[in-house]
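Below is one structure, written out as structure tokens; comments come after it.
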2 protein chains.
Amino acid sequence: MPDQPIRPFSPPTRMLMGPGPSDVHPRVLAAMARPTIGHLDPAFIGLMDEIKALLHYAFATANPLTMPVSGPGSAGMEACFVNLVEPGDTVVVCVNGVFGGRMKENVERLGATALVVEDAWGDPVDPMKVKAALAAHPGAKALAFVHAETSTGVESDAATLCRLAREAGALSIVDAVTSLGGIPVPVDEWGADAVYSGSQKCLSCAPGLSPVTFSPRAVAAMAARKGKCRSWFLDFALVTAYWGSGAKRAYHHTAPINALYGLHESLVMLHEEGLEAAWARHARCHAALVAGLEAMGLPLAVAPAHRLPQLNSVRVPDGIDEGLVRARLLERFGLEIGAGLGALAGKVWRIGLMGQSATPSHVLACLTALETVLSGLNAPIRPGAAVPAANAALFG
Amino acid sequence: MPDQPIRPFSPPTRMLMGPGPSDVHPRVLAAMARPTIGHLDPAFIGLMDEIKALLHYAFATANPLTMPVSGPGSAGMEACFVNLVEPGDTVVVCVNGVFGGRMKENVERLGATALVVEDAWGDPVDPMKVKAALAAHPGAKALAFVHAETSTGVESDAATLCRLAREAGALSIVDAVTSLGGIPVPVDEWGADAVYSGSQKCLSCAPGLSPVTFSPRAVAAMAARKGKCRSWFLDFALVTAYWGSGAKRAYHHTAPINALYGLHESLVMLHEEGLEAAWARHARCHAALVAGLEAMGLPLAVAPAHRLPQLNSVRVPDGIDEGLVRARLLERFGLEIGAGLGALAGKVWRIGLMGQSATPSHVLACLTALETVLSGLNAPIRPGAAVPAANAALFG
């Protein structure tokens, strides 16, 4: 019991350029503050239908089973595995960063076997290794991989990987947490079977929701399960009775009403801008950030062909305390960038350009703040070079 | 892909007097609209510490493992079972409504055995039956029961049930989703081991979060597990590295930042009012609602000794279409009340007086709207009697 009264919380002013959450637009913040209504209210059912339609647009899919899971991206990941994988199954899991490793944990905790295809942190998943793994293990239930590795900033070739899975008779389970809204995630064109994302990356909504989509093939695999889904909360056979079609919805759990107001608004904004325009904006800001960083003398950790525009891993100069740099950026400029994780801890910063944080202003603010802090620490950089290079990339 | 632009959502004006969500105070709505900051921001770590302190107050506990799960009450329930119950375990599960049945599902999906102690819907859990079940099954891992059954409006004797569990060497797992903030939930006094609640009932926050608390005995049971927790997302061995003490927090999943702003504000408001005052407010509004309903000629479905003040099951008069009544209340008065579930479907309405919906205004608005709609359907009620009876109970 607190001795002192605890006061309402006033968050400090931040510019969010880490690995997510990204800056949330005032329209989305305002949406979350609208009055709460019931989860079975006819007006709310209408909102749910609009969210599904907007997710069909964002995922470029016609999959009827398309909805947000009532939890963060980790819950969306777990929902895909717990609904599709059964004890005794074999799943080929591609690991080239933190989130591939988390997929492996999911498979193993379900009593299934994870066959790991490993690639270096900073490299994409190698389709040749995947093809060999699937060939060596006929009957594998699924192939699981991360489209956009948030821990490294690498994009893998989802179209090819989904095709390899399909050719091997395996389901594809795709992590699109960081990709959706920032780069194309054409679910039907890929022929992907289970894809999950997160609200707080390129959709620029608050964290806490995980849009997912299941192909008819994935739905058939759920229906053919030998046993019940091991999770009651995430059991799509039950959840879809609430998120399904028609006016009649069966109560499963109480939906996070206000969070869904926010997701709806962020998807409306994405639809207004248009997917292609959003992708172009991310690409343009990424090109400018990279031009500025390289002009300053800070190389990126990922080869150009595999870079995600929305997540940029930047090498920390030798002798520089990366944590001190982040602390100064936060304290002096209210700017959040991310640390490296796992194999890249201490070696890189992760600079996000996601959703509302992918603007020319963010690019220039980040470059100038970074230059200021690094200069103060006598880092071997070229002061004054970043902004002109970024401006040239932005405005020609 | 929507053909027409989809417009921002404007929720209709509602008065929420169903089984939750309850009305959310403008302070809490405003809190959720504050700018999103990072989940590892030092300012956010401070907020998390305050939320834990406020939950210690609400649960009347000193349990270090006290935090909100990043999902709705169903996720909190699942977190308790998946962390404490292992395959092969035996759990005595008390079922006297929907949520006891859900506990049974949780136990069975974990590969454990649920020994069901059944009581009628509308009755409390019978401690004598529980004592016999625990005696007949020495070595049971846990006793699970619902303190406040939202499906019926019944309170069970949590103090006695927790004592019986302890005496039998079993852990107690307690559903306090609807009780926390409306009636006492003295976790340490009960000696309860795992207790979960929800944000959208008597705390009057938006739905989507589930406060939980684990006793040192429950923490020891987790540490003594034979195998890993079957859920990665809900594995408290990992989640507590983020919600733990000290300035250093390890990333597990991205916390639902804005939802937690809202929970913080609702807990600040509860602390400002004081638990005892909040309980008294619920009791007073309940007495007035019951006086009004009985004066109108509408009996309650639960015996007085076991009634929850915050959830009132009211018998539907013979020949009345209960769904039509709820539809008219919603359409004509913006008033939401709940339907009966399971064994009570079609037989009762559930009228919530939870959190910000437990006010004299809500009581009178509900009674007058109900009287108007029922009179229009020629129901056998006594018009004009409800409001004076409620006013007498409220203001003496």
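Each chain of the structure tokens is named A, B, ... in the order shown, its residues numbered from 1; ligands are numbered from 1 in display order.
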
Would you pick out the contacts of segment 10-15 of chain B at 12 Å or less, using only C-alpha atoms, so that residues sharing its chain but fewer than 3 positions from it are not included, and give the list as a PyMOL selection string? (chain A and resi 30-39+41-47+257-258+260-262+264-265) or (chain B and resi 6-7+18+20-25+329-337+351-354+356-359+361-363+365-366+369)

DSSP-assigned strand (DSSP E) among segment 80-292 of chain B, expressed as a PyMOL selection string: chain B and resi 90-95+113-118+142-146+148-149+154-155+171-175+194-196+210-214

Take the residues from that selection and put them in a file with C-alpha atoms, as a compact mmCIF listing (two decimals), in the first residue's frame.
```txt
# COMPACT_ATOMS: atom_id res chain seq x y z
CA THR B 90 -4.77 -33.28 -10.24
CA VAL B 91 -6.74 -30.12 -9.59
CA VAL B 92 -10.00 -29.87 -7.68
CA VAL B 93 -12.13 -27.43 -9.69
CA CYS B 94 -15.32 -25.91 -8.30
CA VAL B 95 -17.96 -25.32 -10.96
CA THR B 113 -6.99 -34.08 -14.32
CA ALA B 114 -9.85 -31.85 -13.18
CA LEU B 115 -11.89 -33.25 -10.29
CA VAL B 116 -15.08 -31.25 -10.48
CA VAL B 117 -17.01 -30.20 -7.39
CA GLU B 118 -20.32 -29.07 -8.78
CA ALA B 142 -4.46 -27.16 -6.41
CA LEU B 143 -8.00 -26.11 -5.57
CA ALA B 144 -9.49 -23.72 -8.11
CA PHE B 145 -12.64 -21.71 -7.59
CA VAL B 146 -14.37 -18.50 -8.60
CA ALA B 148 -17.38 -13.88 -7.66
CA GLU B 149 -19.22 -15.82 -10.40
CA VAL B 154 -22.84 -15.40 -6.50
CA GLU B 155 -20.05 -14.90 -3.97
CA LEU B 171 -2.42 -24.39 -3.81
CA SER B 172 -5.48 -22.18 -4.15
CA ILE B 173 -6.23 -20.57 -7.53
CA VAL B 174 -8.88 -17.87 -7.22
CA ASP B 175 -10.86 -16.04 -9.92
CA ALA B 194 -2.79 -17.37 -7.17
CA VAL B 195 -5.42 -14.73 -7.76
CA TYR B 196 -6.33 -13.08 -11.05
CA SER B 210 -5.55 -8.94 -15.98
CA PRO B 211 -3.93 -8.14 -12.63
CA VAL B 212 -2.52 -11.25 -10.95
CA THR B 213 -0.77 -11.99 -7.70
CA PHE B 214 1.18 -15.12 -6.66
```

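Residues within 10 Å of Met67 of chain A, counting only C-alpha atoms and excluding same-chain residues fewer than 3 positions away, are Met48, Asp49, Ile51, Lys52, Ala53, Leu54, Leu55, His56, Asn63, Pro64, Ser70, Tyr196, Leu209, Ser210, Pro211, Val212, Thr213, Phe214, Val239, Thr240, Trp243 and Gly244 of chain A.
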
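The neighbours of Ala390 of chain B here are the residues that come within 8 Å of it, using only C-alpha atoms and leaving out any residue fewer than 5 positions away in the same chain; they are Ala287, Ala288, Leu289, Val290, Ala291, Gly292, Val363 and Leu364 of chain B.
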
Can I get the selection written as a short mmCIF file (atom, residue, chain, number, x, y, z; two decimals), in the first residue's frame, with C-alpha atoms?
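Output file part-v2.cif follows:
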```cif
data_model
loop_
_atom_site.label_atom_id
_atom_site.label_comp_id
_atom_site.auth_asym_id
_atom_site.auth_seq_id
_atom_site.Cartn_x
_atom_site.Cartn_y
_atom_site.Cartn_z
CA ALA B 287 -29.24 -2.33 -1.76
CA ALA B 288 -31.04 0.43 -3.65
CA LEU B 289 -31.23 -1.51 -6.90
CA VAL B 290 -32.58 -4.58 -5.12
CA ALA B 291 -35.13 -2.50 -3.21
CA GLY B 292 -36.31 -0.99 -6.48
CA VAL B 363 -29.49 2.76 -10.18
CA LEU B 364 -32.35 5.15 -10.88
#
```

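Interatomic distance, atom CA of Val302 of chain B against atom CA of Asp123 of chain B: 7.1 Å.
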
Would you mind writing down, as a count of residues only, each residue of segment 68-229 of chain A that DSSP on the backbone assigns to helix (DSSP H, G or I)? 56

Just the residues within 9 Å of Leu164 of chain B, please, counting only C-alpha atoms, with nothing from its chain fewer than 3 positions along; format it as a PyMOL selection string. chain B and resi 127+130-131+134+143+159-161+167-170+172

Can you pull out every residue within 8 Å of Pro207 of chain B, counting only C-alpha atoms, but drop anything in the same chain fewer than 5 positions away, and send it as an MDAnalysis selection string? (chainID A and resid 254:258) or (chainID B and resid 21 72 198:200)

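Nearest residue to Tyr57 of chain B, choosing from A:Pro5, A:Glu86, A:Pro26, A:Pro124 and counting only C-alpha atoms: A:Pro5.
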
I'd like the neighbourhood of Pro184 of chain A as a ChimeraX atom specification, where a residue qualifies if any of its atoms comes within 9 Å (using only C-alpha atoms), though same-chain residues fewer than 4 positions away should be ignored. /A:58-60,179-180,275-276,279

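With atom CA of Ala339 of chain B on one side and atom CA of Lys201 of chain B on the other, the separation reads 16.2 Å.
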
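Residue nearest Arg27 of chain B, chosen from B:Ala136, B:Glu50, B:Leu311, B:Leu263 and counting only C-alpha atoms: B:Leu263.
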
Mind pulling up the distance from atom CA of Tyr251 of chain B to atom CA of Gly338 of chain A? 11.6 Å

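With only C-alpha atoms as the atoms that count, the minimum distance from chain A to the choices B:Pro138, B:Gly340, B:Gly182, B:Gly297 is reached by B:Gly340.
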
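Comparing A:Thr66, A:Ser313, A:Ser245, A:Asn378 by their smallest distance to Pro19 of chain A, the closest is A:Ser313 (using only C-alpha atoms).
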
Could you give me, as CSV, a per-residue list for segment 37-133 of chain A showing, wherever an atom lies at most 10 Å from an atom of segment 226-238 of chain A, the closest pair of atoms and their distance in Å to one decimal, using only C-alpha atoms and sorting by chain then residue number from low to high?
```
residue,atom,partner,partner_atom,distance
A:Leu65,CA,A:Phe236,CA,9.0
A:Val69,CA,A:Leu234,CA,7.9
A:Ser70,CA,A:Leu234,CA,8.8
A:Gly71,CA,A:Leu234,CA,9.7
A:Ala75,CA,A:Leu234,CA,8.1
A:Gly76,CA,A:Leu234,CA,8.6
A:Glu78,CA,A:Leu234,CA,8.0
A:Ala79,CA,A:Leu234,CA,5.4
A:Cys80,CA,A:Leu234,CA,8.8
A:Phe81,CA,A:Cys229,CA,9.8
A:Val82,CA,A:Cys229,CA,6.3
A:Asn83,CA,A:Cys229,CA,5.7
A:Leu84,CA,A:Cys229,CA,8.4
A:Val85,CA,A:Cys229,CA,8.8
A:Glu86,CA,A:Gly227,CA,7.7
A:Pro87,CA,A:Gly227,CA,9.2
A:Leu110,CA,A:Arg230,CA,8.1
```

Please produce a file of those selected residues containing C-alpha atoms, as an mmCIF file, in the first residue's frame.
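Wrote it out as selection.cif, contents follow:
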```
data_model
loop_
_atom_site.group_PDB
_atom_site.id
_atom_site.type_symbol
_atom_site.label_atom_id
_atom_site.label_comp_id
_atom_site.auth_asym_id
_atom_site.auth_seq_id
_atom_site.Cartn_x
_atom_site.Cartn_y
_atom_site.Cartn_z
ATOM 1 C CA LEU A 65 -9.968 -15.950 -40.655
ATOM 2 C CA VAL A 69 -5.495 -11.370 -31.287
ATOM 3 C CA SER A 70 -6.200 -9.687 -27.921
ATOM 4 C CA GLY A 71 -2.563 -9.540 -26.892
ATOM 5 C CA ALA A 75 0.494 -13.718 -28.201
ATOM 6 C CA GLY A 76 -0.118 -13.640 -31.950
ATOM 7 C CA GLU A 78 1.793 -18.255 -29.831
ATOM 8 C CA ALA A 79 -1.721 -18.298 -31.301
ATOM 9 C CA CYS A 80 -0.340 -19.454 -34.660
ATOM 10 C CA PHE A 81 1.746 -22.231 -33.164
ATOM 11 C CA VAL A 82 -0.726 -23.442 -30.540
ATOM 12 C CA ASN A 83 -3.529 -23.704 -33.100
ATOM 13 C CA LEU A 84 -1.521 -25.406 -35.852
ATOM 14 C CA VAL A 85 1.136 -27.510 -34.135
ATOM 15 C CA GLU A 86 0.403 -30.625 -32.083
ATOM 16 C CA PRO A 87 2.597 -32.770 -29.843
ATOM 17 C CA LEU A 110 4.057 -27.639 -27.518
#
```
